[in-house]
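What follows is the content of upload10.txt (compact mmCIF, C-alpha atoms).
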```
# COMPACT_ATOMS: atom_id res chain seq x y z
CA MET A 175 -31.62 -64.70 -43.62
CA LYS A 176 -31.40 -64.30 -39.86
CA ARG A 177 -27.75 -63.28 -40.14
CA ALA A 178 -28.65 -60.73 -42.81
CA ALA A 179 -31.43 -59.29 -40.59
CA GLN A 180 -29.03 -58.99 -37.68
CA LYS A 181 -26.56 -57.10 -39.85
CA VAL A 182 -29.26 -54.74 -41.09
CA GLY A 183 -30.42 -54.13 -37.46
CA ALA A 184 -26.89 -53.35 -36.36
CA ALA A 185 -26.44 -50.94 -39.25
CA THR A 186 -29.67 -49.06 -38.46
CA GLU A 187 -28.85 -48.80 -34.74
CA ALA A 188 -25.33 -47.41 -35.21
CA PRO A 189 -26.29 -43.94 -36.45
CA ALA A 190 -28.65 -43.45 -33.50
CA THR A 191 -25.88 -44.28 -31.03
CA SER A 192 -23.47 -41.97 -32.83
CA GLN A 193 -26.02 -39.14 -32.83
CA THR A 194 -26.64 -39.49 -29.08
CA SER A 195 -22.92 -39.36 -28.43
CA LYS A 196 -22.64 -36.31 -30.64
CA LYS A 197 -25.42 -34.56 -28.71
CA GLN A 198 -23.62 -35.22 -25.42
CA LYS A 199 -20.39 -33.74 -26.73
CA THR A 200 -21.88 -30.62 -28.27
CA GLY A 201 -24.28 -29.66 -25.45
CA LEU A 202 -23.05 -26.41 -23.84
CA TYR A 203 -23.40 -27.68 -20.28
CA GLY A 204 -23.88 -31.41 -21.02
CA SER A 205 -22.49 -33.70 -18.33
CA GLY A 206 -21.42 -36.37 -20.80
CA PHE A 207 -23.07 -39.10 -18.71
CA GLY A 208 -25.89 -39.93 -21.10
CA GLU A 209 -29.12 -38.44 -19.75
CA SER A 210 -28.75 -34.64 -20.03
CA GLU A 211 -30.25 -32.55 -22.83
CA PRO A 212 -28.08 -29.93 -24.57
CA CYS A 213 -28.59 -26.40 -23.17
CA THR A 214 -29.57 -23.47 -25.30
CA SER A 215 -27.04 -20.65 -25.72
CA MET A 216 -27.17 -17.94 -23.03
CA ASP A 217 -28.62 -14.51 -23.82
CA TRP A 218 -25.95 -12.25 -22.27
CA GLY A 219 -28.14 -9.21 -22.78
CA SER A 220 -30.73 -10.58 -20.36
CA LEU A 221 -28.34 -10.80 -17.37
CA PRO A 222 -29.43 -8.71 -14.37
CA HIS A 223 -27.86 -5.25 -14.06
CA HIS A 224 -26.02 -6.13 -10.86
CA VAL A 225 -24.35 -9.16 -12.49
CA ILE A 226 -23.17 -7.15 -15.51
CA LEU A 227 -21.98 -4.40 -13.16
CA ARG A 228 -19.90 -6.93 -11.25
CA VAL A 229 -18.32 -8.14 -14.49
CA PHE A 230 -17.51 -4.57 -15.56
CA GLN A 231 -15.76 -3.88 -12.26
CA PHE A 232 -13.08 -6.45 -13.17
CA LEU A 233 -12.39 -4.91 -16.58
CA THR A 234 -9.91 -2.22 -17.54
CA LEU A 235 -11.36 1.03 -18.80
CA VAL A 236 -10.69 0.18 -22.46
CA ASP A 237 -12.32 -3.24 -22.07
CA ARG A 238 -15.28 -1.64 -20.32
CA ALA A 239 -15.75 0.72 -23.25
CA ARG A 240 -15.57 -2.18 -25.72
CA ALA A 241 -18.03 -4.23 -23.66
CA SER A 242 -20.46 -1.31 -23.57
CA SER A 243 -20.94 -1.69 -27.35
CA VAL A 244 -22.18 -5.29 -27.06
CA CYS A 245 -25.82 -4.26 -26.63
CA ARG A 246 -28.05 -1.53 -25.27
CA ARG A 247 -28.31 -3.16 -21.84
CA TRP A 248 -24.53 -3.35 -21.43
CA ASN A 249 -24.24 0.28 -22.52
CA GLU A 250 -26.71 1.24 -19.79
CA VAL A 251 -24.57 -0.53 -17.19
CA PHE A 252 -21.47 1.27 -18.51
CA HIS A 253 -23.06 4.52 -17.30
CA ILE A 254 -24.38 3.34 -13.93
CA PRO A 255 -22.93 5.77 -11.31
CA ASP A 256 -21.79 2.93 -9.00
CA LEU A 257 -19.35 1.76 -11.67
CA TRP A 258 -17.46 5.06 -11.46
CA ARG A 259 -17.18 5.48 -7.71
CA ARG A 260 -13.60 4.12 -7.90
CA PHE A 261 -11.36 5.11 -10.76
CA GLU A 262 -7.65 5.27 -11.53
CA PHE A 263 -6.40 7.65 -14.21
CA GLU A 264 -3.29 6.15 -15.80
CA LEU A 265 -1.30 8.83 -17.57
CA SER A 266 1.99 8.34 -19.38
CA GLN A 267 4.08 9.25 -22.37
CA PRO A 268 4.56 6.19 -24.63
CA ALA A 269 8.26 6.93 -25.13
CA THR A 270 9.10 7.09 -21.43
CA SER A 271 6.80 4.70 -19.59
CA TYR A 272 5.68 1.12 -19.27
CA LEU A 273 2.22 2.26 -18.11
CA LYS A 274 -0.79 1.62 -20.32
CA SER A 275 -2.37 5.05 -20.55
CA THR A 276 -6.06 5.79 -20.23
CA HIS A 277 -7.27 6.96 -23.63
CA PRO A 278 -7.83 10.77 -23.69
CA ASP A 279 -11.26 10.49 -25.33
CA LEU A 280 -12.43 8.10 -22.63
CA ILE A 281 -11.14 10.45 -19.93
CA GLN A 282 -13.15 13.31 -21.37
CA GLN A 283 -16.23 11.10 -21.50
CA ILE A 284 -15.81 10.10 -17.86
CA ILE A 285 -15.29 13.67 -16.69
CA LYS A 286 -18.28 14.91 -18.68
CA ARG A 287 -20.72 12.25 -17.46
CA HIS A 288 -19.32 10.98 -14.15
CA ALA A 289 -17.30 13.70 -12.39
CA ASP A 290 -19.98 14.00 -9.72
CA HIS A 291 -19.93 10.21 -9.15
CA LEU A 292 -16.16 9.89 -8.56
CA GLN A 293 -15.41 9.22 -4.89
CA TYR A 294 -12.19 7.17 -4.71
CA VAL A 295 -9.77 8.54 -7.28
CA SER A 296 -6.07 8.07 -7.97
CA PHE A 297 -3.75 9.44 -10.63
CA LYS A 298 -0.81 7.25 -11.68
CA VAL A 299 1.86 9.07 -13.67
CA ASP A 300 5.31 8.18 -14.96
CA SER A 301 8.49 10.26 -14.67
CA SER A 302 7.63 12.61 -17.53
CA THR A 303 6.49 16.16 -16.85
CA GLU A 304 3.83 15.80 -19.56
CA SER A 305 1.97 13.05 -17.70
CA ALA A 306 2.02 15.05 -14.45
CA GLU A 307 0.72 18.14 -16.25
CA ALA A 308 -2.04 16.03 -17.81
CA ALA A 309 -3.04 14.93 -14.29
CA CYS A 310 -3.21 18.57 -13.20
CA ASP A 311 -5.35 19.43 -16.21
CA ILE A 312 -7.83 16.70 -15.26
CA LEU A 313 -7.89 17.82 -11.62
CA SER A 314 -8.73 21.33 -12.82
CA GLN A 315 -11.86 19.98 -14.53
CA LEU A 316 -13.33 18.24 -11.46
CA VAL A 317 -15.57 21.14 -10.51
CA ASN A 318 -18.60 18.94 -9.79
CA CYS A 319 -16.82 16.26 -7.79
CA SER A 320 -17.59 14.61 -4.47
CA ILE A 321 -14.23 12.90 -3.96
CA LYS A 322 -13.54 11.20 -0.63
CA THR A 323 -10.11 9.69 -1.38
CA LEU A 324 -7.46 11.27 -3.60
CA GLY A 325 -4.09 9.74 -4.42
CA LEU A 326 -1.36 11.17 -6.63
CA ILE A 327 1.12 8.40 -7.44
CA SER A 328 4.43 8.85 -9.25
CA THR A 329 5.86 5.57 -10.49
CA ALA A 330 9.22 7.32 -10.88
CA LYS A 331 10.60 10.69 -9.83
CA PRO A 332 10.47 13.62 -10.43
CA SER A 333 7.09 13.86 -12.25
CA PHE A 334 4.84 16.17 -10.16
CA MET A 335 7.89 18.00 -8.79
CA ASN A 336 8.61 19.23 -12.34
CA VAL A 337 5.19 20.87 -12.62
CA SER A 338 5.12 24.54 -11.68
CA LYS A 339 3.95 25.10 -8.12
CA ALA A 340 1.28 27.54 -9.30
CA HIS A 341 -0.17 25.04 -11.80
CA PHE A 342 -0.21 22.22 -9.26
CA ALA A 343 -1.70 24.34 -6.46
CA SER A 344 -4.38 25.74 -8.78
CA ALA A 345 -5.44 22.25 -9.90
CA LEU A 346 -5.48 20.86 -6.37
CA THR A 347 -7.48 23.83 -5.11
CA VAL A 348 -10.32 22.94 -7.51
CA VAL A 349 -10.70 19.55 -5.82
CA PHE A 350 -10.23 20.91 -2.28
CA VAL A 351 -12.89 23.58 -2.78
CA ASN A 352 -15.46 21.51 -4.67
CA SER A 353 -15.34 18.12 -2.96
CA LYS A 354 -15.87 19.24 0.68
CA SER A 355 -15.82 15.59 1.81
CA LEU A 356 -12.16 14.50 1.50
CA SER A 357 -11.21 11.96 4.13
CA SER A 358 -7.95 10.54 2.72
CA ILE A 359 -5.26 12.35 0.71
CA LYS A 360 -1.97 10.86 -0.48
CA ILE A 361 0.18 13.44 -2.24
CA ASP A 362 3.82 12.38 -1.83
CA ASP A 363 6.56 13.98 -3.93
CA THR A 364 4.50 16.99 -4.99
CA PRO A 365 4.87 20.81 -4.80
CA LEU A 366 2.07 21.01 -2.22
CA ASP A 367 2.49 24.16 -0.08
CA ASP A 368 1.10 25.78 3.07
CA PRO A 369 -1.53 27.94 1.26
CA SER A 370 -2.90 24.77 -0.38
CA LEU A 371 -3.19 23.12 3.03
CA LYS A 372 -5.15 26.13 4.30
CA VAL A 373 -7.61 25.72 1.42
CA LEU A 374 -7.88 22.01 2.20
CA VAL A 375 -8.60 22.70 5.87
CA ALA A 376 -11.09 25.47 5.13
CA ASN A 377 -13.24 23.14 3.04
CA ASN A 378 -12.69 19.64 4.48
CA SER A 379 -11.86 20.09 8.16
CA ASP A 380 -14.82 17.98 9.32
CA THR A 381 -13.98 14.96 7.14
CA LEU A 382 -10.18 14.71 6.81
CA LYS A 383 -8.76 11.64 8.58
CA LEU A 384 -5.57 10.76 6.67
CA LEU A 385 -2.98 13.12 5.22
CA LYS A 386 0.11 11.58 3.60
CA MET A 387 2.56 14.09 2.18
CA SER A 388 6.13 12.87 2.44
CA SER A 389 8.69 14.70 0.30
CA CYS A 390 6.71 17.91 -0.04
CA PRO A 391 9.49 20.50 0.40
CA HIS A 392 7.16 23.51 0.27
CA VAL A 393 5.24 22.42 3.39
CA SER A 394 6.42 23.81 6.74
CA PRO A 395 5.66 22.82 10.36
CA ALA A 396 3.23 25.76 10.41
CA GLY A 397 1.24 24.11 7.61
CA ILE A 398 1.09 20.85 9.58
CA LEU A 399 -0.09 22.69 12.68
CA CYS A 400 -2.81 24.38 10.66
CA VAL A 401 -4.13 20.94 9.69
CA ALA A 402 -3.88 19.57 13.24
CA ASP A 403 -5.55 22.64 14.70
CA GLN A 404 -8.58 22.55 12.40
CA CYS A 405 -9.08 18.89 11.45
CA HIS A 406 -10.51 17.36 14.61
CA GLY A 407 -10.94 13.94 13.02
CA LEU A 408 -7.32 13.56 11.86
CA LYS A 409 -6.11 10.04 12.66
CA GLU A 410 -3.16 9.41 10.34
CA LEU A 411 -0.34 11.75 9.37
CA ALA A 412 2.69 10.96 7.18
CA LEU A 413 5.53 13.43 6.67
CA ASN A 414 9.27 13.77 6.18
CA TYR A 415 11.63 13.87 9.13
CA TYR A 416 12.92 17.30 8.12
CA ILE A 417 9.52 18.76 9.07
CA LEU A 418 9.44 16.97 12.42
CA SER A 419 10.60 19.03 15.39
CA ASP A 420 10.25 19.21 19.16
CA GLU A 421 7.94 22.21 18.70
CA LEU A 422 5.70 20.31 16.29
CA LEU A 423 5.38 17.27 18.57
CA LEU A 424 4.64 19.48 21.58
CA ALA A 425 2.04 21.38 19.58
CA LEU A 426 0.37 18.14 18.48
CA SER A 427 0.38 17.08 22.12
CA SER A 428 -1.25 20.31 23.30
CA GLU A 429 -4.29 20.12 21.01
CA LYS A 430 -7.02 18.41 23.04
CA HIS A 431 -8.92 17.21 20.00
CA VAL A 432 -5.87 15.62 18.31
CA ASP A 433 -5.81 11.86 18.81
CA LEU A 434 -3.43 10.42 16.23
CA GLU A 435 -3.55 6.68 15.61
CA HIS A 436 -0.66 6.58 13.11
CA LEU A 437 2.29 8.92 12.65
CA ARG A 438 4.52 7.88 9.74
CA ILE A 439 7.93 9.50 9.36
CA ASP A 440 10.16 9.02 6.30
CA VAL A 441 13.85 9.56 7.00
CA VAL A 442 15.49 9.84 3.59
CA SER A 443 18.95 10.88 2.43
CA GLU A 444 19.46 11.52 -1.27
CA ASN A 445 23.01 12.90 -0.96
CA PRO A 446 25.21 10.91 1.43
CA GLY A 447 27.16 13.03 3.88
CA GLN A 448 25.45 16.27 2.90
CA VAL A 449 22.52 16.17 5.34
CA GLN A 450 22.87 16.70 9.08
CA PHE A 451 19.88 15.15 10.84
CA HIS A 452 18.59 16.77 14.01
CA THR A 453 17.67 14.93 17.21
CA ILE A 454 14.18 14.90 18.73
CA LYS A 455 14.20 15.10 22.52
CA LYS A 456 12.79 12.35 24.70
CA GLN A 457 10.47 14.84 26.44
CA SER A 458 8.80 15.69 23.12
CA TRP A 459 8.20 12.04 22.26
CA ASP A 460 6.89 11.39 25.77
CA ALA A 461 4.43 14.28 25.48
CA LEU A 462 3.00 12.86 22.24
CA VAL A 463 2.55 9.36 23.68
CA LYS A 464 1.02 10.71 26.87
CA HIS A 465 -1.46 12.70 24.79
CA SER A 466 -2.17 9.86 22.30
CA PRO A 467 -1.20 6.66 24.16
CA LYS A 468 -2.27 4.28 21.37
CA VAL A 469 -0.41 6.06 18.58
CA ASN A 470 1.67 3.92 16.21
CA ILE A 471 4.89 5.72 15.30
CA VAL A 472 6.23 4.28 12.05
CA MET A 473 9.68 5.22 10.76
CA TYR A 474 11.09 4.35 7.33
CA PHE A 475 14.86 4.82 7.06
CA PHE A 476 16.72 5.21 3.78
CA LEU A 477 20.05 6.46 5.13
CA TYR A 478 23.70 5.53 4.78
CA GLU A 479 25.45 4.01 7.79
CA ASP A 480 27.29 7.18 8.79
CA GLU A 481 24.04 9.22 8.90
CA PHE A 482 22.34 7.43 11.83
CA ASP A 483 24.13 9.29 14.59
CA ALA A 484 21.14 11.47 15.59
CA PHE A 485 18.74 8.58 16.16
CA PHE A 486 17.82 6.36 19.14
CA ARG A 487 20.38 7.78 21.57
CA GLU A 488 17.51 8.22 24.02
CA GLU A 489 14.31 6.29 24.55
CA THR A 490 12.08 6.66 21.49
CA PRO A 491 8.47 5.39 21.37
CA VAL A 492 8.69 4.10 17.80
CA THR A 493 6.48 1.06 17.12
CA HIS A 494 7.41 0.07 13.54
CA LEU A 495 10.90 0.34 12.05
CA TYR A 496 11.91 -0.32 8.44
CA PHE A 497 15.51 0.00 7.25
CA GLY A 498 15.72 0.10 3.47
CA ARG A 499 19.53 0.29 3.41
CA ALA A 500 22.31 -1.25 5.47
CA VAL A 501 22.19 -0.47 9.20
CA SER A 502 25.08 -1.06 11.62
CA LYS A 503 25.26 -3.43 14.59
CA ALA A 504 25.67 -0.40 16.83
CA MET A 505 22.36 1.07 15.61
CA LEU A 506 20.53 -2.21 16.17
CA GLY A 507 22.04 -2.30 19.65
CA ARG A 508 20.57 1.16 20.33
CA ILE A 509 17.18 -0.04 19.15
CA GLY A 510 17.33 -2.89 21.65
CA MET A 511 18.15 -0.42 24.43
CA ASN A 512 15.84 2.50 23.58
CA CYS A 513 12.74 1.28 21.71
CA PRO A 514 10.56 -0.48 24.31
CA ARG A 515 7.32 0.03 22.31
CA LEU A 516 8.69 -1.68 19.20
CA ILE A 517 6.15 -3.97 17.46
CA GLU A 518 7.74 -4.60 14.05
CA LEU A 519 11.33 -4.50 12.81
CA VAL A 520 12.52 -5.04 9.23
CA VAL A 521 16.23 -4.89 8.39
CA CYS A 522 16.96 -5.22 4.68
CA ALA A 523 20.74 -5.35 5.08
CA ASN A 524 23.49 -5.28 7.71
CA GLY A 525 26.71 -6.85 6.63
CA LEU A 526 28.75 -9.91 7.52
CA GLN A 527 28.81 -9.62 11.33
CA PRO A 528 26.41 -11.96 13.20
CA LEU A 529 23.60 -10.10 14.98
CA ASP A 530 23.01 -12.65 17.75
CA ASP A 531 23.58 -10.29 20.69
CA GLU A 532 21.53 -7.48 19.14
CA LEU A 533 18.54 -9.74 18.44
CA ILE A 534 18.63 -11.24 21.93
CA GLN A 535 18.71 -7.76 23.46
CA ILE A 536 15.75 -6.73 21.30
CA ALA A 537 13.84 -9.84 22.44
CA GLU A 538 14.62 -9.03 26.09
CA ARG A 539 13.61 -5.38 26.08
CA CYS A 540 11.01 -5.06 23.31
CA LYS A 541 8.17 -6.97 24.94
CA ASN A 542 5.63 -5.94 22.28
CA LEU A 543 7.63 -7.25 19.31
CA THR A 544 5.37 -9.39 17.08
CA ALA A 545 6.96 -9.10 13.62
CA MET A 546 10.55 -9.45 12.40
CA GLY A 547 12.12 -9.49 8.95
CA LEU A 548 15.83 -9.90 8.12
CA GLY A 549 17.33 -9.62 4.64
CA GLU A 550 21.05 -9.48 3.85
CA CYS A 551 22.27 -10.09 7.41
CA GLU A 552 23.90 -12.91 9.35
CA VAL A 553 22.66 -14.74 12.46
CA THR A 554 23.91 -18.04 13.85
CA CYS A 555 21.30 -20.76 14.16
CA ARG A 556 21.98 -20.93 17.90
CA GLY A 557 21.42 -17.19 18.34
CA PHE A 558 18.29 -17.25 16.19
CA VAL A 559 16.74 -20.08 18.20
CA GLU A 560 17.48 -18.18 21.42
CA PHE A 561 15.79 -15.08 20.00
CA VAL A 562 12.69 -17.05 18.99
CA LYS A 563 12.60 -18.84 22.34
CA MET A 564 12.56 -15.51 24.20
CA CYS A 565 9.82 -14.04 21.96
CA GLY A 566 7.74 -17.20 21.86
CA GLY A 567 4.31 -17.38 20.29
CA ARG A 568 3.89 -13.59 20.16
CA LEU A 569 5.92 -13.55 16.92
CA THR A 570 3.04 -13.65 14.45
CA GLN A 571 5.30 -12.74 11.49
CA LEU A 572 8.84 -14.02 11.08
CA SER A 573 10.42 -13.59 7.66
CA ILE A 574 14.08 -14.65 7.53
CA MET A 575 15.93 -15.53 4.35
CA GLU A 576 17.67 -18.89 4.43
CA GLU A 577 20.99 -17.26 3.50
CA VAL A 578 20.88 -15.23 6.73
CA LEU A 579 21.19 -18.29 8.98
CA ILE A 580 24.63 -19.71 9.75
CA PRO A 581 24.61 -23.42 10.76
CA ASP A 582 26.62 -24.24 13.88
CA SER A 583 27.43 -27.22 16.09
CA ASP A 584 24.00 -27.01 17.81
CA TYR A 585 21.69 -26.65 14.83
CA SER A 586 21.66 -27.56 11.17
CA LEU A 587 19.13 -25.86 8.92
CA ASP A 588 17.03 -29.05 8.90
CA ARG A 589 16.85 -29.16 12.68
CA LEU A 590 16.45 -25.40 12.96
CA HIS A 591 12.98 -25.22 11.42
CA LEU A 592 11.69 -27.90 13.82
CA GLU A 593 13.08 -26.10 16.86
CA VAL A 594 11.76 -22.70 15.76
CA SER A 595 8.36 -24.21 14.90
CA LYS A 596 8.16 -25.66 18.40
CA HIS A 597 8.68 -22.29 20.09
CA LEU A 598 6.38 -20.42 17.71
CA GLY A 599 3.60 -22.96 18.11
CA ARG A 600 3.19 -23.34 14.34
CA MET A 601 5.09 -24.73 11.37
CA TRP A 602 7.86 -22.40 10.19
CA PHE A 603 10.49 -22.49 7.44
CA PRO A 604 13.07 -19.89 6.34
CA ASP A 605 12.06 -17.82 3.30
CA MET A 606 13.69 -18.25 -0.08
CA MET A 607 12.87 -14.60 -0.79
CA PRO A 608 11.91 -11.79 1.62
CA THR A 609 8.13 -11.45 2.04
CA TRP A 610 7.81 -8.09 3.82
```
Write out the structure in this file as structure tokens.
Amino acid sequence: MKRAAQKVGAATEAPATSQTSKKQKTGLYGSGFGESEPCTSMDWGSLPHHVILRVFQFLTLVDRARASSVCRRWNEVFHIPDLWRRFEFELSQPATSYLKSTHPDLIQQIIKRHADHLQYVSFKVDSSTESAEAACDILSQLVNCSIKTLGLISTAKPSFMNVSKAHFASALTVVFVNSKSLSSIKIDDTPLDDPSLKVLVANNSDTLKLLKMSSCPHVSPAGILCVADQCHGLKELALNYYILSDELLLALSSEKHVDLEHLRIDVVSENPGQVQFHTIKKQSWDALVKHSPKVNIVMYFFLYEDEFDAFFREETPVTHLYFGRAVSKAMLGRIGMNCPRLIELVVCANGLQPLDDELIQIAERCKNLTAMGLGECEVTCRGFVEFVKMCGGRLTQLSIMEEVLIPDSDYSLDRLHLEVSKHLGRMWFPDMMPTW
């Protein structure tokens, strides 16, 4: 009888134990350690507005629209002005682009309800003329805007350049006239012209700080001077080298209110051997630096080796140099001799001749150098260690592909990273891929 009672007791206890275990497993936030009670499901509609707003900010436009249909509270958040301060219009033709386009109906809804809330706006278009024209059509509708930052981005050329100049200028004028608070404009590879710049200046002269307009063939030095003359707060200017001249630099240096912090110059050759680049005189560069002593002069080169003849034959106050194509040993030697203000140097390619002497000369004469990147080049391990030793701990960025380094009798690759780390004052290894 006792044995039978024990069996019955065990049988009645088992379901209770199983049920407890089941509760622990199915509780939404149960710890699984025996004591916690299962939590009730969360009411997402009761979340505070600021939490829902934060969630919406991480969603794409289409996902935002879908989320807005969850409940009335989420729909209210979908139309909070703060959610639309930053917005990127993605425009593309399905047959020609990998971009995921913003749905036209959603665009119309945004323009209708939130045009006056948009402050940081960019338009991303593909290479098709249709997507660029769609961007112009939207710009033309922003008559109640208060935009502070405007960016027109072409993921592939020609895009905006295929739009008629009149259509583009008309659309841009709507924004220039109505916003009156633009501080940053990035309009590379567009048919922007001098009359458009005059409209910009007339309506935004007190707020404009950054103007980036490389590859705008309809802009002249006179248009640049108009901006510099009227926009007293201008701090950053980006333009093509073909616009740059001694007269322009001297004019920028003569305006008392101009105090540029960044001057970016793109030196680009599309047709090798067909462009003759002019030389800027040392006196003109000196005048600019004397007028704006802290200015960073950034130059991006996309030239072929035989097109560099006009550059760095005299002292040039460039601070940041990027070479997107192969550059010769002779050119790097000139940089070591004539670029004493150099802070950063990136060379994507050179060839199969070791650059030991050129790097050592750069280390000797460019006392401000803090960042270096080398791609398809060659440097002996001995020469590289000497370069790092001369620069020391001031090299805060050093990106060198492993294939660049040639082992020699002094250093193997294994020993190299220890020696370089010692002189840098931190652990360093060569890169498997370039990181600049």
Neighbouring residues of A:Val521 were defined as those with any atom within 12 Å, considering all atoms listed in the file; residues of the same chain fewer than 5 positions away were excluded. Please report them as a tab-separated table (two decimals) with C-alpha atoms, in the frame of the given file.
```
chain	number	residue	atom	x	y	z
A	474	TYR	CA	11.09	4.35	7.33
A	475	PHE	CA	14.86	4.82	7.06
A	476	PHE	CA	16.72	5.21	3.78
A	494	HIS	CA	7.41	0.07	13.54
A	495	LEU	CA	10.90	0.34	12.05
A	496	TYR	CA	11.91	-0.32	8.44
A	497	PHE	CA	15.51	0.00	7.25
A	498	GLY	CA	15.72	0.10	3.47
A	499	ARG	CA	19.53	0.29	3.41
A	500	ALA	CA	22.31	-1.25	5.47
A	501	VAL	CA	22.19	-0.47	9.20
A	502	SER	CA	25.08	-1.06	11.62
A	503	LYS	CA	25.26	-3.43	14.59
A	505	MET	CA	22.36	1.07	15.61
A	506	LEU	CA	20.53	-2.21	16.17
A	509	ILE	CA	17.18	-0.04	19.15
A	529	LEU	CA	23.60	-10.10	14.98
A	533	LEU	CA	18.54	-9.74	18.44
A	545	ALA	CA	6.96	-9.10	13.62
A	546	MET	CA	10.55	-9.45	12.40
A	547	GLY	CA	12.12	-9.49	8.95
A	548	LEU	CA	15.83	-9.90	8.12
A	549	GLY	CA	17.33	-9.62	4.64
A	550	GLU	CA	21.05	-9.48	3.85
A	551	CYS	CA	22.27	-10.09	7.41
A	552	GLU	CA	23.90	-12.91	9.35
A	573	SER	CA	10.42	-13.59	7.66
A	574	ILE	CA	14.08	-14.65	7.53
A	575	MET	CA	15.93	-15.53	4.35
A	578	VAL	CA	20.88	-15.23	6.73
A	608	PRO	CA	11.91	-11.79	1.62
A	610	TRP	CA	7.81	-8.09	3.82
```
Once you count all atoms listed in the file, what closest atom pair and distance in Å to one decimal does each residue of stretch 341-425 of chain A within 9 Å of stretch 314-334 of chain A have, with rows by chain and rising residue number, as a tab-separated table?
```
residue	atom	partner	partner_atom	distance
A:Phe342	CA	A:Phe334	CA	7.9
A:Ser344	CA	A:Ser314	CA	7.4
A:Ala345	CA	A:Ser314	CA	4.5
A:Leu346	CA	A:Ser314	CA	7.2
A:Thr347	CA	A:Ser314	CA	8.2
A:Val348	CA	A:Ser314	CA	5.8
A:Val349	CA	A:Leu316	CA	6.4
A:Val351	CA	A:Val317	CA	8.5
A:Asn352	CA	A:Val317	CA	5.9
A:Ser353	CA	A:Ser320	CA	4.4
A:Lys354	CA	A:Ser320	CA	7.1
A:Ser355	CA	A:Lys322	CA	5.5
A:Leu356	CA	A:Lys322	CA	4.2
A:Ser357	CA	A:Lys322	CA	5.4
A:Ser358	CA	A:Thr323	CA	4.7
A:Ile359	CA	A:Leu324	CA	5.0
A:Lys360	CA	A:Gly325	CA	4.6
A:Ile361	CA	A:Leu326	CA	5.2
A:Asp362	CA	A:Leu326	CA	7.2
A:Asp363	CA	A:Phe334	CA	6.8
A:Thr364	CA	A:Phe334	CA	5.2
A:Pro365	CA	A:Phe334	CA	7.1
A:Thr381	CA	A:Lys322	CA	8.6
A:Leu382	CA	A:Lys322	CA	8.9
```
Worksheet item: Any idea what's packed within 7 Å of A:Tyr415, counting only C-alpha atoms, ignoring anything in its chain fewer than 6 positions away? Could you give it as a list of chain:residue names?
Response: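 With the cut-off at 7 Å, the set is A:Ile439, A:Asp440, A:Val441.
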Only C-alpha atoms, please: the residues just picked out, written as a compact mmCIF listing (two decimals), in the coordinates of the input.
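Output file out.txt is given in full below:
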```
# COMPACT_ATOMS: atom_id res chain seq x y z
CA ILE A 439 7.93 9.50 9.36
CA ASP A 440 10.16 9.02 6.30
CA VAL A 441 13.85 9.56 7.00
```
Worksheet item: Which of these, A:Ile281, A:Ile454, A:Val562, A:Ile226, has the shortest distance to A:Leu257 once you count all atoms listed in the file?
Response: A:Ile226
Worksheet entry | Long-range neighbours of A:Glu435 as a PyMOL selection string, 8 Å cut-off, only C-alpha atoms, 3 positions minimum in chain | chain A and resi 409-410+466+468-470
With C-alpha atoms retained, export the selected residues as a CSV table (one decimal), keeping the file's coordinate frame.
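As a result, selection_25.csv now contains:
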```
chain,number,residue,atom,x,y,z
A,409,LYS,CA,-6.1,10.0,12.7
A,410,GLU,CA,-3.2,9.4,10.3
A,466,SER,CA,-2.2,9.9,22.3
A,468,LYS,CA,-2.3,4.3,21.4
A,469,VAL,CA,-0.4,6.1,18.6
A,470,ASN,CA,1.7,3.9,16.2
```
Practice prompt. In Å, rounded to a single decimal, give me how far atom CA of A:Tyr478 is from atom CA of A:Asn524.
Written response: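 Interatomic distance here is 11.2 Å.
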Discussion item. So that I can check the surroundings of A:Phe261, please list as a list in words every protein, DNA and RNA residue that reaches within 10 Å of it, counting all atoms listed in the file and ignoring chain neighbours fewer than 6 positions away.
Written reply: Leu235, Ile284, Leu292, Gln293, Tyr294, Val295, Ser296 and Phe297 of chain A
Practice prompt. Rounded to one decimal place, report the atom CA of A:Leu385-atom CA of A:Ser428 distance in Å.
Written response: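 Interatomic distance, atom CA of A:Leu385 to atom CA of A:Ser428: 19.5 Å.
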Worksheet item: Quick one: distance from atom CA of A:Ala425 to atom CA of A:Leu399 in Å, one decimal?
Response: 7.3 Å
Kindly add N, CA and C atoms to the incomplete stretch 495-500 of chain A and provide the output as a compact mmCIF listing (two decimals), in the coordinates of the input.
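The new file result.txt reads:
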```txt
# COMPACT_ATOMS: atom_id res chain seq x y z
N LEU A 495 9.64 -0.13 12.63
CA LEU A 495 10.90 0.34 12.05
C LEU A 495 11.23 -0.44 10.79
N TYR A 496 11.53 0.29 9.71
CA TYR A 496 11.91 -0.32 8.44
C TYR A 496 13.21 0.32 7.96
N PHE A 497 14.22 -0.49 7.74
CA PHE A 497 15.51 0.00 7.25
C PHE A 497 15.70 -0.48 5.82
N GLY A 498 15.62 0.45 4.88
CA GLY A 498 15.72 0.10 3.47
C GLY A 498 17.14 -0.03 2.97
N ARG A 499 18.11 0.45 3.76
CA ARG A 499 19.53 0.29 3.41
C ARG A 499 20.24 -0.35 4.59
N ALA A 500 21.54 -0.59 4.42
CA ALA A 500 22.31 -1.25 5.47
C ALA A 500 22.31 -0.42 6.75
```
